[in-house]
2 protein chains.
Amino acid sequence: MDPQTQHGGRGPTSHGHVTLAQVARQAGVSAQSVSNALNNPDRVAAETRKRILAAVEELGYEPNLSARALRNRSSSLIAFKMRPARPDKASMLMDDFLYVLNASAVEAGYHLILCHAEDGPAGEIKAYRDLLKKTSIDAFILAETHRNDDRVAALRSWGVPFASFGRSWDGDEDVAWVDVDGRAGTRAATAHVAAQGHTRIGHIGWLEESELGQDRREGWLDACRERGLDTDLQAAVADSLENGRQAAHRMLDAARPATALVCTSDTLALGVMRALHERGLRPGVDVAITGYDDSPTAALVSPGLTTLRQPIDEVGRQLIQAVDNLMAGDPRTPQHVLLEPELIVRDSSLPGRRDTR
Amino acid sequence: MDPQTQHGGRGPTSHGHVTLAQVARQAGVSAQSVSNALNNPDRVAAETRKRILAAVEELGYEPNLSARALRNRSSSLIAFKMRPARPDKASMLMDDFLYVLNASAVEAGYHLILCHAEDGPAGEIKAYRDLLKKTSIDAFILAETHRNDDRVAALRSWGVPFASFGRSWDGDEDVAWVDVDGRAGTRAATAHVAAQGHTRIGHIGWLEESELGQDRREGWLDACRERGLDTDLQAAVADSLENGRQAAHRMLDAARPATALVCTSDTLALGVMRALHERGLRPGVDVAITGYDDSPTAALVSPGLTTLRQPIDEVGRQLIQAVDNLMAGDPRTPQHVLLEPELIVRDSSLPGRRDTR
DNA sequence: CCGACGGCTTTTAACGTTAATATCCACACA
DNA sequence: TGTGTGGATATTAACGTTAAAAGCCGTCGG
């Protein structure tokens with residue numbers, strides 16, 4: 001039988017999609033051989049393979065992901081759920097984060113699909129379930145995981161690969177995560193202001209129930225203890241500018257007032273700046289301030305806010321690599337990656353330079 | 001033949017997916033009838049339909065999108081390409097925008113998929129093409145379109161439904177777009193400072209080649225002309241804090257200096273604030289400032305920055321509705337929606353209240 | 001000289017859905 | 001009694017891919 005005619009392929013489809021069958025016809029082989037040439041190169045003869053790849057190239061063949069998804073129960077899709085942006089929050093991490101997450105995903109041969117859920121963990125879990133039922137998502141990326149996170153439990157019980165941005169603080173060793181070492185970062189920020197000569201260093205952080213906040217607080221405690229400094233000036237508040245402002249006023253009204261304030265977020269630090277402003281005090285000169293996140297705002301206010309920048313690019317890359325490993329059935333224990341934040345020093349923590357170029 | 005056994009359905013799959021065949025068996029009908037009951041209700045008898053829907057409910061059936069995509073050449077996926085966040089930019093619109101875009105998409109029965117491309121329009125178009133070849137994307141959402149946008153031309157030539165955030169300024173009446181009326185917004189901001197008694201109102205905007213920037217500038221011109229004010233104080237610069245700062249210095253050094261500065265972005269306005277700071281002038285009290293975008297920073301700086309908020313939620317909703325209409329083959333001309341921004345008045349433009357609660 | 005084997009390739013069947021077509025059945029009409 | 005007719009339902013085939021099985025053919029060992 002003439003190999004030129006024996007296989008299907010009704011010529012180029014009107015929609016411009018090139019199929020395996022068309023490539024097969026062009027190369028004078030069966031569709032399966034084309035599939036093998038692309039996915040299992042060692043199953044076809046080198047000579048044939050060359051011919052097939054030439055045909056692939058010539059016709060511009062791209063495998064149809066829907067068909068592949070149907071056949072393989074695997075869609076090359078990684079799902080991520082965005083949270084609604086909180087109005088009071090300065091952090092723009094999400095924007096950058098999504099960008100690199102997607103870039104890394106594409107580089108690794110996946111695509112990012114966003115999922116949407118009503119607020120609350122129950123709604124989120126339901127959304128994940130629905131998505132899984134209808135699309136055979138390959139993996140999930142979680143953000144802002146916390147102790148006893150129901151989402152983690154759910155995904156684990158379903159056996160779906162996932163990785164989370166944020167440690168699973170309850171020691172789930174079998175969960176892949178990537179996180180930034182807030183303790184080390186806050187310790188560095190505290191050390192930095194101590195190096196400027198400050199001895200009354202206050203800390204304004206989040207409520208105790210936040211593992212993330214507690215971790216960062218420990219860094220401040222570490223640095224103070226290392227230097228024999230008092231740790232009496234501390235506040236645990238919800239993350240908002242107003243709370244930062246009030247806490248700052250309290251610490252400046254203390255019998256032995258703070259001369260430096262280390263904050264768990266830029267939002268709180270900006271509240272501190274507002275408090276100083278109200279008192280006619282100059283950030284940096286009169287009171288040193290540090291934040292956390294390197295939100296765009298930190299660079300834009302005057303004076304610039306000293307803060308900690310999370311290596312968000314690296315976080316995204318590592319997360320994708322983590323799920324990729326999981327899906328490759330990599331037998332080694334799930335990845336745990338703890339990255340160091342970078343201290344960005346600006347004028348808000350420097351006594352010398354007043355911001356007047 | 002016993003309807004309970006005549007149809008496929010090898011019992012619940014191990015993966016927990018429920019298929020049409022399983023529902024069909026449960027309801028004692030064929031798979032096609034189940035499909036019809038869900039997609040073409042009037043093709044099945046009311047009685048049967050009720051029975052089928054009960055089975056669907058009981059088994060928790062959800063149609064498999066991969067199979068549907070393969071069969072229908074339509075994936076329920078809407079693609080959107082993120083741009084890398086520019087470090088100097090205060091705007092956090094993207095974050096919110098994506099959230100509502102996705103929420104609206106899900107509500108309309110779609111999912112949002114992110115696409116990634118090397119920088120530049122050519123890379124972006126190639127990315128769109130690749131995505132189309134492999135996934136039968138239903139529609140695209142573009143952002144930041146400009147005159148003679150190659151992406152618009154490409155998508156149009158391929159016949160793919162799309163809608164853009166941003167007008168196609170070259171009068172392509174057959175392109176669906178949603179935009180925010182920057183001219184009206186800037187006019188309102190200018191009118192607002194004029195109402196505070198300012199008569200020397202400068203404008204710091206983007207370079208002339210930006211249609212968006214030019215549109216906003218027109219609003220300032222409108223407001224000045226309506227009041228017979230001079231329009232000699234204007235700057236056209238690239239969007240950065242430093243450029244805003246320098247332009248502000250120039251306008252404050254003028255023979256008849258500005259007492260109010262209307263800016264095309266929050267970033268520029270924050271540069272102005274830095275310039276005032278450097279001169280010991282007080283925003284609002286000495287010089288009124290307005291920005292554009294209501295970036296998170298605008299609310300966080302002291303004093304708060306008067307700015308224009310884009311109804312980003314509505315933009316997202318309208319964009320999805322636009323592509324939905326296009327895909328439904330709605331014969332009416334593509335949607336063009338021009339929304340009004342909202343003037344958010346804060347202390348940076350108010351002489352009376354000094355920020356000292 | 002026969003059977004087994006191994007390398008390479010093709011064939012078959014299936015993933016879950018749906019458009020198009022075929023079948024069935026009750027009823028109306030000649 | 002036969003012949004349409006039309007509504008409801010069932011069957012077939014196809015979307016593009018790939019795992020599994022089967023086929024082909026030359027070679028090697030007994």
# chains A, B, ... in the order shown; residues from 1 in each chain; ligands from 1
>>> interface_residues(of="chain C", to="chain A", cutoff="12 Å", atoms="only C-alpha atoms (C1' of nucleotides)", output="PyMOL selection string")
chain C and resi 7-17
>>> residues_around(residues="DC27 (chain C)", least_positions_apart="6", cutoff="12 Å", atoms="only C-alpha atoms (C1' of nucleotides)", output="PyMOL selection string")
chain D and resi 4-7
>>> select_by_dssp(residues="region 56-222 of chain A", states="strand (DSSP E or B)", output="number ranges by chain")
A: 77-81, 111-115, 139-143, 162-165, 176-180, 201-205
>>> write_last_selection(atoms="N, CA and C atoms", output="compact mmCIF listing (two decimals), in the first residue's frame")
# COMPACT_ATOMS: atom_id res chain seq x y z
N LEU A 77 -2.23 22.33 32.85
CA LEU A 77 -2.72 23.54 33.47
C LEU A 77 -2.41 23.52 34.98
N ILE A 78 -1.91 24.64 35.45
CA ILE A 78 -1.68 24.79 36.88
C ILE A 78 -2.62 25.88 37.36
N ALA A 79 -3.34 25.60 38.42
CA ALA A 79 -4.35 26.55 38.88
C ALA A 79 -3.87 27.36 40.06
N PHE A 80 -4.30 28.60 40.06
CA PHE A 80 -3.96 29.48 41.16
C PHE A 80 -5.17 30.34 41.46
N LYS A 81 -5.48 30.48 42.73
CA LYS A 81 -6.62 31.32 43.10
C LYS A 81 -6.15 32.65 43.62
N HIS A 111 0.53 26.02 31.63
CA HIS A 111 -0.12 27.32 31.59
C HIS A 111 -0.81 27.55 32.91
N LEU A 112 -0.93 28.81 33.25
CA LEU A 112 -1.56 29.15 34.51
C LEU A 112 -3.02 29.46 34.25
N ILE A 113 -3.88 28.86 35.06
CA ILE A 113 -5.30 29.17 34.94
C ILE A 113 -5.74 29.71 36.29
N LEU A 114 -6.53 30.77 36.25
CA LEU A 114 -6.95 31.38 37.52
C LEU A 114 -8.23 30.74 37.97
N CYS A 115 -8.36 30.55 39.25
CA CYS A 115 -9.68 30.09 39.68
C CYS A 115 -10.28 31.07 40.65
N ALA A 139 -1.97 20.65 38.65
CA ALA A 139 -1.44 20.99 39.97
C ALA A 139 -2.01 22.31 40.44
N PHE A 140 -1.89 22.53 41.73
CA PHE A 140 -2.36 23.79 42.32
C PHE A 140 -1.21 24.51 43.00
N ILE A 141 -1.29 25.82 42.97
CA ILE A 141 -0.38 26.65 43.76
C ILE A 141 -1.22 27.37 44.81
N LEU A 142 -0.84 27.23 46.05
CA LEU A 142 -1.55 27.94 47.12
C LEU A 142 -0.71 29.10 47.60
N ALA A 143 -1.37 30.12 48.12
CA ALA A 143 -0.63 31.23 48.71
C ALA A 143 -1.18 31.48 50.10
N PHE A 162 0.50 19.77 44.61
CA PHE A 162 0.41 21.21 44.86
C PHE A 162 1.63 21.66 45.65
N ALA A 163 1.87 22.97 45.58
CA ALA A 163 2.94 23.56 46.37
C ALA A 163 2.40 24.85 46.93
N SER A 164 2.88 25.24 48.08
CA SER A 164 2.32 26.45 48.66
C SER A 164 3.40 27.49 48.93
N PHE A 165 3.01 28.71 48.70
CA PHE A 165 3.85 29.85 49.05
C PHE A 165 3.54 30.15 50.50
N ALA A 176 4.97 20.26 49.85
CA ALA A 176 6.00 21.10 49.24
C ALA A 176 5.69 22.56 49.49
N TRP A 177 6.66 23.28 49.96
CA TRP A 177 6.45 24.73 50.13
C TRP A 177 7.70 25.53 49.81
N VAL A 178 7.44 26.80 49.54
CA VAL A 178 8.51 27.76 49.33
C VAL A 178 8.16 28.94 50.23
N ASP A 179 9.11 29.44 50.94
CA ASP A 179 8.79 30.55 51.83
C ASP A 179 10.00 31.47 51.94
N VAL A 180 9.73 32.62 52.53
CA VAL A 180 10.80 33.60 52.73
C VAL A 180 11.04 33.70 54.23
N ILE A 201 14.52 50.10 70.50
CA ILE A 201 13.94 49.66 69.23
C ILE A 201 12.61 48.97 69.46
N GLY A 202 11.54 49.60 69.02
CA GLY A 202 10.22 49.01 69.20
C GLY A 202 9.85 48.12 68.03
N HIS A 203 8.84 47.29 68.22
CA HIS A 203 8.37 46.43 67.14
C HIS A 203 6.85 46.52 67.02
N ILE A 204 6.41 46.76 65.82
CA ILE A 204 4.97 46.78 65.56
C ILE A 204 4.68 45.65 64.58
N GLY A 205 3.97 44.64 65.10
CA GLY A 205 3.73 43.45 64.28
C GLY A 205 2.27 43.05 64.27
>>> interface_residues(of="chain B", to="chain A", cutoff="7 Å", atoms="only C-alpha atoms", output="NGL selection string")
:B and (17 or 62-67 or 69-70 or 82 or 84-85 or 90 or 92 or 94-96 or 99 or 102-103 or 106 or 111-114 or 116 or 133-135 or 270 or 274 or 278 or 296-297 or 300-302 or 356)
>>> closest_residue(among="A:Ala153, A:Val34, A:Val262, A:Val323", to="chain D", atoms="only C-alpha atoms (C1' of nucleotides)")
A:Val34
>>> select_by_dssp(residues="region 150-325 of chain A", states="helix (DSSP H, G or I)", output="PyMOL selection string")
chain A and resi 150-158+182-195+211-226+241-253+266-279+296-300+312-325
>>> closest_atom_pairs(of="chain D", to="chain B", cutoff="12 Å", atoms="only C-alpha atoms (C1' of nucleotides)", output="Markdown table")
| residue | atom | partner | partner_atom | distance |
| --- | --- | --- | --- | --- |
| D:DG7 | C1' | B:Ala45 | CA | 9.0 |
| D:DA8 | C1' | B:Val44 | CA | 6.7 |
| D:DT9 | C1' | B:Ser33 | CA | 7.1 |
| D:DA10 | C1' | B:Ser30 | CA | 6.4 |
| D:DT11 | C1' | B:Ser30 | CA | 9.3 |
| D:DT12 | C1' | B:Gln32 | CA | 11.4 |
| D:DA13 | C1' | B:Arg71 | CA | 11.7 |
| D:DA14 | C1' | B:Arg71 | CA | 8.0 |
| D:DC15 | C1' | B:Arg71 | CA | 4.4 |
| D:DG16 | C1' | B:Leu70 | CA | 7.5 |
| D:DT17 | C1' | B:Leu70 | CA | 10.3 |
>>> residues_around(residues="region 339-350 of chain B", least_positions_apart="5", cutoff="6 Å", atoms="only C-alpha atoms (C1' of nucleotides)", output="PDB file with N, CA and C atoms, in the first residue's frame")
ATOM      1  N   VAL B 180     -11.814  54.176  30.136  1.00  0.00           N
ATOM      2  CA  VAL B 180     -12.203  55.140  31.158  1.00  0.00           C
ATOM      3  C   VAL B 180     -11.926  56.521  30.603  1.00  0.00           C
ATOM      4  N   ASP B 181     -12.840  57.433  30.826  1.00  0.00           N
ATOM      5  CA  ASP B 181     -12.755  58.754  30.227  1.00  0.00           C
ATOM      6  C   ASP B 181     -11.747  59.626  30.971  1.00  0.00           C
ATOM      7  N   GLY B 185     -12.134  62.942  33.489  1.00  0.00           N
ATOM      8  CA  GLY B 185     -11.579  62.826  34.826  1.00  0.00           C
ATOM      9  C   GLY B 185     -10.613  63.955  35.135  1.00  0.00           C
ATOM     10  N   PRO B 283       2.126  70.132  50.717  1.00  0.00           N
ATOM     11  CA  PRO B 283       1.107  69.751  49.726  1.00  0.00           C
ATOM     12  C   PRO B 283      -0.266  70.146  50.251  1.00  0.00           C
ATOM     13  N   GLY B 284      -1.083  70.656  49.407  1.00  0.00           N
ATOM     14  CA  GLY B 284      -2.421  71.045  49.815  1.00  0.00           C
ATOM     15  C   GLY B 284      -2.429  72.466  50.319  1.00  0.00           C
ATOM     16  N   ALA B 288      -1.459  72.711  45.606  1.00  0.00           N
ATOM     17  CA  ALA B 288      -2.403  71.594  45.466  1.00  0.00           C
ATOM     18  C   ALA B 288      -1.865  70.586  44.454  1.00  0.00           C
ATOM     19  N   ILE B 289      -2.081  69.308  44.739  1.00  0.00           N
ATOM     20  CA  ILE B 289      -1.609  68.249  43.845  1.00  0.00           C
ATOM     21  C   ILE B 289      -2.740  67.259  43.577  1.00  0.00           C
ATOM     22  N   PRO B 303       0.445  64.096  53.222  1.00  0.00           N
ATOM     23  CA  PRO B 303      -1.008  63.922  53.257  1.00  0.00           C
ATOM     24  C   PRO B 303      -1.484  63.014  52.133  1.00  0.00           C
ATOM     25  N   GLY B 304      -2.704  62.537  52.261  1.00  0.00           N
ATOM     26  CA  GLY B 304      -3.280  61.678  51.237  1.00  0.00           C
ATOM     27  C   GLY B 304      -3.348  62.398  49.893  1.00  0.00           C
ATOM     28  N   LEU B 305      -3.202  61.645  48.831  1.00  0.00           N
ATOM     29  CA  LEU B 305      -3.154  62.238  47.491  1.00  0.00           C
ATOM     30  C   LEU B 305      -4.528  62.217  46.819  1.00  0.00           C
ATOM     31  N   THR B 306      -4.971  63.394  46.424  1.00  0.00           N
ATOM     32  CA  THR B 306      -6.197  63.486  45.635  1.00  0.00           C
ATOM     33  C   THR B 306      -5.932  62.857  44.264  1.00  0.00           C
ATOM     34  N   THR B 307      -6.873  62.042  43.808  1.00  0.00           N
ATOM     35  CA  THR B 307      -6.586  61.276  42.594  1.00  0.00           C
ATOM     36  C   THR B 307      -7.884  60.830  41.939  1.00  0.00           C
ATOM     37  N   LEU B 308      -7.756  60.172  40.799  1.00  0.00           N
ATOM     38  CA  LEU B 308      -8.935  59.690  40.091  1.00  0.00           C
ATOM     39  C   LEU B 308      -8.950  58.176  40.099  1.00  0.00           C
ATOM     40  N   ARG B 309     -10.051  57.629  40.528  1.00  0.00           N
ATOM     41  CA  ARG B 309     -10.153  56.172  40.614  1.00  0.00           C
ATOM     42  C   ARG B 309     -10.890  55.637  39.398  1.00  0.00           C
ATOM     43  N   GLN B 310     -10.263  54.679  38.726  1.00  0.00           N
ATOM     44  CA  GLN B 310     -10.919  54.055  37.583  1.00  0.00           C
ATOM     45  C   GLN B 310     -11.862  52.966  38.090  1.00  0.00           C
TER      46      GLN B 310
END
>>> residues_around(residues="DA30 (chain C)", least_positions_apart="3", cutoff="12 Å", atoms="only C-alpha atoms (C1' of nucleotides)", output="ChimeraX atom specification")
/D:1-4
>>> atom_distance(atom1="CA of Asp119 (chain A)", atom2="CA of Glu208 (chain A)")
22.7 Å
>>> closest_residue(among="A:Glu57, A:Glu124, A:Asp232, A:Asp138", to="Arg151 (chain A)", atoms="only C-alpha atoms")
A:Glu124
>>> atom_distance(atom1="CA of Thr264 (chain B)", atom2="CA of Val193 (chain B)")
14.7 Å
>>> atom_distance(atom1="CA of Ile320 (chain B)", atom2="CA of Ser157 (chain B)")
20.9 Å
>>> residues_around(residues="DG29 (chain D)", least_positions_apart="6", cutoff="12 Å", atoms="only C-alpha atoms (C1' of nucleotides)", output="PyMOL selection string")
chain C and resi 2-5
>>> write_last_selection(atoms="N, CA and C atoms (P, O5', C5', C4', C3', O3' and C1' of nucleotides)", output="mmCIF file, in the first residue's frame")
data_model
loop_
_atom_site.group_PDB
_atom_site.id
_atom_site.type_symbol
_atom_site.label_atom_id
_atom_site.label_comp_id
_atom_site.auth_asym_id
_atom_site.auth_seq_id
_atom_site.Cartn_x
_atom_site.Cartn_y
_atom_site.Cartn_z
ATOM 1 P P DC C 2 11.159 -25.489 8.200
ATOM 2 O "O5'" DC C 2 10.821 -25.286 9.746
ATOM 3 C "C5'" DC C 2 11.036 -26.362 10.662
ATOM 4 C "C4'" DC C 2 11.144 -25.772 12.053
ATOM 5 C "C3'" DC C 2 10.117 -24.671 12.356
ATOM 6 O "O3'" DC C 2 9.459 -24.973 13.581
ATOM 7 C "C1'" DC C 2 12.319 -23.899 12.831
ATOM 8 P P DG C 3 8.173 -24.092 14.007
ATOM 9 O "O5'" DG C 3 8.716 -23.299 15.270
ATOM 10 C "C5'" DG C 3 9.450 -24.003 16.261
ATOM 11 C "C4'" DG C 3 10.144 -23.003 17.151
ATOM 12 C "C3'" DG C 3 9.231 -21.858 17.614
ATOM 13 O "O3'" DG C 3 9.439 -21.685 19.017
ATOM 14 C "C1'" DG C 3 11.154 -20.959 16.526
ATOM 15 P P DA C 4 8.561 -20.640 19.854
ATOM 16 O "O5'" DA C 4 9.684 -19.630 20.337
ATOM 17 C "C5'" DA C 4 10.989 -20.129 20.646
ATOM 18 C "C4'" DA C 4 11.933 -18.945 20.749
ATOM 19 C "C3'" DA C 4 11.301 -17.698 21.365
ATOM 20 O "O3'" DA C 4 12.196 -17.205 22.352
ATOM 21 C "C1'" DA C 4 12.269 -17.165 19.263
ATOM 22 P P DC C 5 11.783 -15.963 23.280
ATOM 23 O "O5'" DC C 5 12.602 -14.786 22.609
ATOM 24 C "C5'" DC C 5 13.986 -14.974 22.303
ATOM 25 C "C4'" DC C 5 14.467 -13.775 21.529
ATOM 26 C "C3'" DC C 5 13.894 -12.446 22.045
ATOM 27 O "O3'" DC C 5 14.974 -11.579 22.342
ATOM 28 C "C1'" DC C 5 13.697 -12.604 19.691
#
